[in-house]
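Inspection log for the structure reproduced underneath, given as structure tokens.
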Amino acid sequence: MPLTQRDVRNRISSVKNIQKITRAMEMVAAARLRRAEQRIEALRPYADAIRRMTRQAAEAAGNVPRLPILEEREPVTSVGLLLIAGDRGLAGAFNSNIVRAGVAAGREHEAAGSTAVYFASGRRPASSLTFRGLEPVQSFIGFTDRPAYADARRIAERLMAAYVDEDVDQVEIFYNGYFSPISQVVRRETLLPLQRATVLASESEDEADADGEPGTRRALVEYEPDPEEILKRLVPDYVEISIYRALLESTASEHGARMTAMRSASENAGALIEDLTLEMNRARQAEITQEIMEVVAGAEGVG
């Protein structure tokens with residue numbers, strides 16, 4: 001049965017109301033995104049400095065000190081996977097990309113003979129893991145819109161405790177790295193043990209020679225106290241700051257993804273309104289034509 005003019009008008013009104021909501025959500029996401037970008041820009045130099053300091057201290061220490069947090073275990077029988085995403089949806093594929101990457105990594109480890117142990121930051125990854133039958137050991141929720149350093153410390157303490165207690169032999173994190181409002185890339189990083197962590201991976205010349213021009217010789221660093229003692233203090237800070245950076249990157253990525261998704265929804269609503277308006281005009285024309293035909297038929301019947 002074709003829609004009447006009133007039905008089409010009601011649908012247009014409903015779509016316009018939805019468009020107002022999506023535009024408002026886009027504006028809110030854009031405002032929050034700018035603040036998140038500023039926090040990332042302020043943190044990145046500090047996080048990079050911690051990474052370089054930890055790497056240099058590890059190199060100077062030679063053999064990693066015998067501490068539970070620095071112990072490398074072979075073979076790896078269990079791997080802790082921290083999935084960092086959001087508490088809310090309406091952000092395109094932002095949350096699902098993290099869950100998909102984390103679950104795929106878990107299957108890789110299980111195929112290699114290791115057990116995957118899941119942790120979740122955000123309601124969406126926690127609920128998705130539960131729905132898939134992969135109940136997370138612990139979930140951290142309620143702060144994804146504006147994470148604080150205390151939130152990162154709480155997550156870091158839980159992960160380090162799991163590693164020290166030998167509940168896991170390796171810790172990896174998954175999060176959306178922020179590049180621009182329309183570009184977020186899923187990142188996979190190893191936090192523990194330190195021997196496999198990103199901090200010890202080879203880096204670009206620009207990063208390695210951040211304290212001097214490329215090709216110049218770096219000054220010899222003298223440690224007081226010794227590198228082993230400094231490393232004991234740096235590793236927990238490194239884990240905390242790495243998680244905090246991941247939380248901030250994820251927050252900015254979420255706002256960018258939501259802003260883009262809501263803009264697309266607003267544009268789609270506008271296109272739908274145009275189509276419904278055209279359909280309403282056709283319905284109106286059909287009603288007018290029907291009325292004219294009825295008048296003509298009545299006039300002929302009287303005649």
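How things are named: the first chain in the structure tokens is A, the next is B, and so on; residues count from 1 in each chain; ligands count from 1 in the order shown.
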Can you build me a table of segment 116-213 of chain A residues sitting at most 6 Å from segment 232-245 of chain A, with the closest atom pair per residue and its distance in Å to one decimal, using only C-alpha atoms, sorted by chain and residue number, as JSON lines?
```
{"residue": "A:Ala152", "atom": "CA", "partner": "A:Tyr244", "partner_atom": "CA", "distance": 4.9}
{"residue": "A:Arg153", "atom": "CA", "partner": "A:Glu240", "partner_atom": "CA", "distance": 5.4}
{"residue": "A:Ala156", "atom": "CA", "partner": "A:Glu240", "partner_atom": "CA", "distance": 5.4}
```
Item to check | Test item: residues at most 12 Å from Ile273 of chain A, only C-alpha atoms, excluding those fewer than 5 positions along its chain, as a ChimeraX atom specification | outcome: /A:8-19,266-268,278-280
File of the preceding selection, N, CA, C and O atoms, as a PDB file, in the first residue's frame:
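The file below, out22.pdb, is the result:
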```pdb
ATOM      1  N   VAL A   8       4.276  10.220   4.891  1.00  0.00           N
ATOM      2  CA  VAL A   8       5.590  10.705   4.446  1.00  0.00           C
ATOM      3  C   VAL A   8       6.014  11.914   5.258  1.00  0.00           C
ATOM      4  O   VAL A   8       7.183  12.046   5.638  1.00  0.00           O
ATOM      5  N   ARG A   9       5.064  12.792   5.568  1.00  0.00           N
ATOM      6  CA  ARG A   9       5.386  13.985   6.362  1.00  0.00           C
ATOM      7  C   ARG A   9       5.851  13.590   7.763  1.00  0.00           C
ATOM      8  O   ARG A   9       6.803  14.184   8.302  1.00  0.00           O
ATOM      9  N   ASN A  10       5.244  12.572   8.333  1.00  0.00           N
ATOM     10  CA  ASN A  10       5.663  12.098   9.657  1.00  0.00           C
ATOM     11  C   ASN A  10       7.073  11.499   9.616  1.00  0.00           C
ATOM     12  O   ASN A  10       7.882  11.703  10.522  1.00  0.00           O
ATOM     13  N   ARG A  11       7.375  10.780   8.543  1.00  0.00           N
ATOM     14  CA  ARG A  11       8.715  10.204   8.405  1.00  0.00           C
ATOM     15  C   ARG A  11       9.755  11.306   8.240  1.00  0.00           C
ATOM     16  O   ARG A  11      10.862  11.234   8.799  1.00  0.00           O
ATOM     17  N   ILE A  12       9.440  12.330   7.479  1.00  0.00           N
ATOM     18  CA  ILE A  12      10.371  13.455   7.311  1.00  0.00           C
ATOM     19  C   ILE A  12      10.644  14.127   8.649  1.00  0.00           C
ATOM     20  O   ILE A  12      11.788  14.458   8.979  1.00  0.00           O
ATOM     21  N   SER A  13       9.592  14.313   9.440  1.00  0.00           N
ATOM     22  CA  SER A  13       9.756  14.925  10.750  1.00  0.00           C
ATOM     23  C   SER A  13      10.652  14.073  11.651  1.00  0.00           C
ATOM     24  O   SER A  13      11.522  14.597  12.358  1.00  0.00           O
ATOM     25  N   SER A  14      10.481  12.752  11.600  1.00  0.00           N
ATOM     26  CA  SER A  14      11.306  11.862  12.419  1.00  0.00           C
ATOM     27  C   SER A  14      12.770  11.921  11.993  1.00  0.00           C
ATOM     28  O   SER A  14      13.676  11.995  12.832  1.00  0.00           O
ATOM     29  N   VAL A  15      13.027  11.906  10.696  1.00  0.00           N
ATOM     30  CA  VAL A  15      14.407  11.953  10.204  1.00  0.00           C
ATOM     31  C   VAL A  15      15.052  13.286  10.553  1.00  0.00           C
ATOM     32  O   VAL A  15      16.244  13.343  10.898  1.00  0.00           O
ATOM     33  N   LYS A  16      14.302  14.376  10.496  1.00  0.00           N
ATOM     34  CA  LYS A  16      14.855  15.682  10.863  1.00  0.00           C
ATOM     35  C   LYS A  16      15.254  15.714  12.336  1.00  0.00           C
ATOM     36  O   LYS A  16      16.285  16.295  12.701  1.00  0.00           O
ATOM     37  N   ASN A  17      14.444  15.102  13.185  1.00  0.00           N
ATOM     38  CA  ASN A  17      14.781  15.043  14.604  1.00  0.00           C
ATOM     39  C   ASN A  17      16.071  14.237  14.826  1.00  0.00           C
ATOM     40  O   ASN A  17      16.928  14.617  15.636  1.00  0.00           O
ATOM     41  N   ILE A  18      16.196  13.124  14.110  1.00  0.00           N
ATOM     42  CA  ILE A  18      17.422  12.327  14.214  1.00  0.00           C
ATOM     43  C   ILE A  18      18.620  13.129  13.714  1.00  0.00           C
ATOM     44  O   ILE A  18      19.710  13.079  14.300  1.00  0.00           O
ATOM     45  N   GLN A  19      18.435  13.887  12.638  1.00  0.00           N
ATOM     46  CA  GLN A  19      19.523  14.687  12.088  1.00  0.00           C
ATOM     47  C   GLN A  19      19.997  15.740  13.090  1.00  0.00           C
ATOM     48  O   GLN A  19      21.192  16.013  13.215  1.00  0.00           O
ATOM     49  N   SER A 266      24.500  12.446   9.588  1.00  0.00           N
ATOM     50  CA  SER A 266      23.770  13.679   9.272  1.00  0.00           C
ATOM     51  C   SER A 266      23.611  13.847   7.768  1.00  0.00           C
ATOM     52  O   SER A 266      22.543  14.240   7.278  1.00  0.00           O
ATOM     53  N   GLU A 267      24.673  13.540   7.030  1.00  0.00           N
ATOM     54  CA  GLU A 267      24.601  13.649   5.575  1.00  0.00           C
ATOM     55  C   GLU A 267      23.611  12.626   5.004  1.00  0.00           C
ATOM     56  O   GLU A 267      22.851  12.945   4.088  1.00  0.00           O
ATOM     57  N   ASN A 268      23.635  11.420   5.543  1.00  0.00           N
ATOM     58  CA  ASN A 268      22.682  10.409   5.079  1.00  0.00           C
ATOM     59  C   ASN A 268      21.249  10.814   5.397  1.00  0.00           C
ATOM     60  O   ASN A 268      20.323  10.563   4.604  1.00  0.00           O
ATOM     61  N   LEU A 278      10.678  14.404  -2.032  1.00  0.00           N
ATOM     62  CA  LEU A 278      10.267  14.109  -3.406  1.00  0.00           C
ATOM     63  C   LEU A 278       9.098  13.134  -3.416  1.00  0.00           C
ATOM     64  O   LEU A 278       8.131  13.304  -4.186  1.00  0.00           O
ATOM     65  N   GLU A 279       9.146  12.134  -2.537  1.00  0.00           N
ATOM     66  CA  GLU A 279       8.046  11.170  -2.457  1.00  0.00           C
ATOM     67  C   GLU A 279       6.765  11.842  -1.977  1.00  0.00           C
ATOM     68  O   GLU A 279       5.656  11.525  -2.451  1.00  0.00           O
ATOM     69  N   MET A 280       6.900  12.796  -1.033  1.00  0.00           N
ATOM     70  CA  MET A 280       5.717  13.507  -0.540  1.00  0.00           C
ATOM     71  C   MET A 280       5.101  14.360  -1.641  1.00  0.00           C
ATOM     72  O   MET A 280       3.864  14.440  -1.780  1.00  0.00           O
TER      73      MET A 280
END
```
Checklist entry - Taking only C-alpha atoms into account, which of A:Arg88, A:Lys20, A:Arg44, A:Arg282 comes nearest Ala257 of chain A? => result A:Arg88
Item to check | Length of the atom CA of Pro193 of chain A to atom CA of Arg107 of chain A vector [Å] | outcome: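 Result for atom CA of Pro193 of chain A versus atom CA of Arg107 of chain A: 20.4 Å, one decimal.
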Checklist entry - Between atom CA of Ala150 of chain A and atom CA of Gln170 of chain A, what is the spacing in Å? => result 23.0 Å
Next on the checklist: Given only C-alpha atoms as the basis, pick out the residue of A:Arg187, A:Arg258, A:Arg196, A:Arg32 nearest to Phe174 of chain A.
Outcome noted: A:Arg187
Checklist entry - segment 111-126 of chain A: which residues within 8 Å, counting only C-alpha atoms, same-chain residues fewer than 5 positions away excluded, as number ranges by chain? => result A: 76-89, 95-96, 98-99, 106, 134-144, 168
Checklist outcome for this item: Shortest contact to Arg51 of chain A, candidates A:Ile155, A:Leu194, A:Ile21, A:Val171, atoms counted only C-alpha atoms, goes to A:Leu194
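Between atom CA of Leu90 of chain A and atom CA of Asn176 of chain A the separation is 15.8 Å.
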Item to check | DSSP strand (DSSP E or B) residues within segment 3-174 of chain A, listed as a ChimeraX atom specification | outcome: /A:78-84,115-121,138-140,170-174
Item to check | Which of segment 51-251 of chain A fall in helix (DSSP H, G or I), as JSON, numbers by chain | outcome: {"A": [51, 52, 53, 54, 55, 56, 57, 58, 59, 60, 61, 68, 69, 70, 94, 95, 96, 97, 98, 99, 100, 101, 102, 103, 104, 105, 106, 107, 108, 109, 110, 111, 123, 124, 125, 126, 127, 128, 129, 130, 131, 149, 150, 151, 152, 153, 154, 155, 156, 157, 158, 159, 160, 161, 162, 163, 164, 194, 195, 196, 198, 199, 200, 205, 206, 207, 208, 227, 228, 229, 230, 231, 232, 233, 234, 235, 236, 237, 238, 239, 240, 241, 242, 243, 244, 245, 246, 247, 248, 249, 250, 251]}
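Counting only C-alpha atoms, the residue from A:Pro75, A:Pro147, A:Gly298, A:Gly102 that sits nearest to Ile40 of chain A is A:Pro147.
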Item to check | A:Arg73, A:Glu166, A:Ala91, A:Arg52 ranked by distance to Met262 of chain A, top pick (using only C-alpha atoms) | outcome: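 Looking only at the distances to Met262 of chain A, the closest residue turns out to be A:Ala91.
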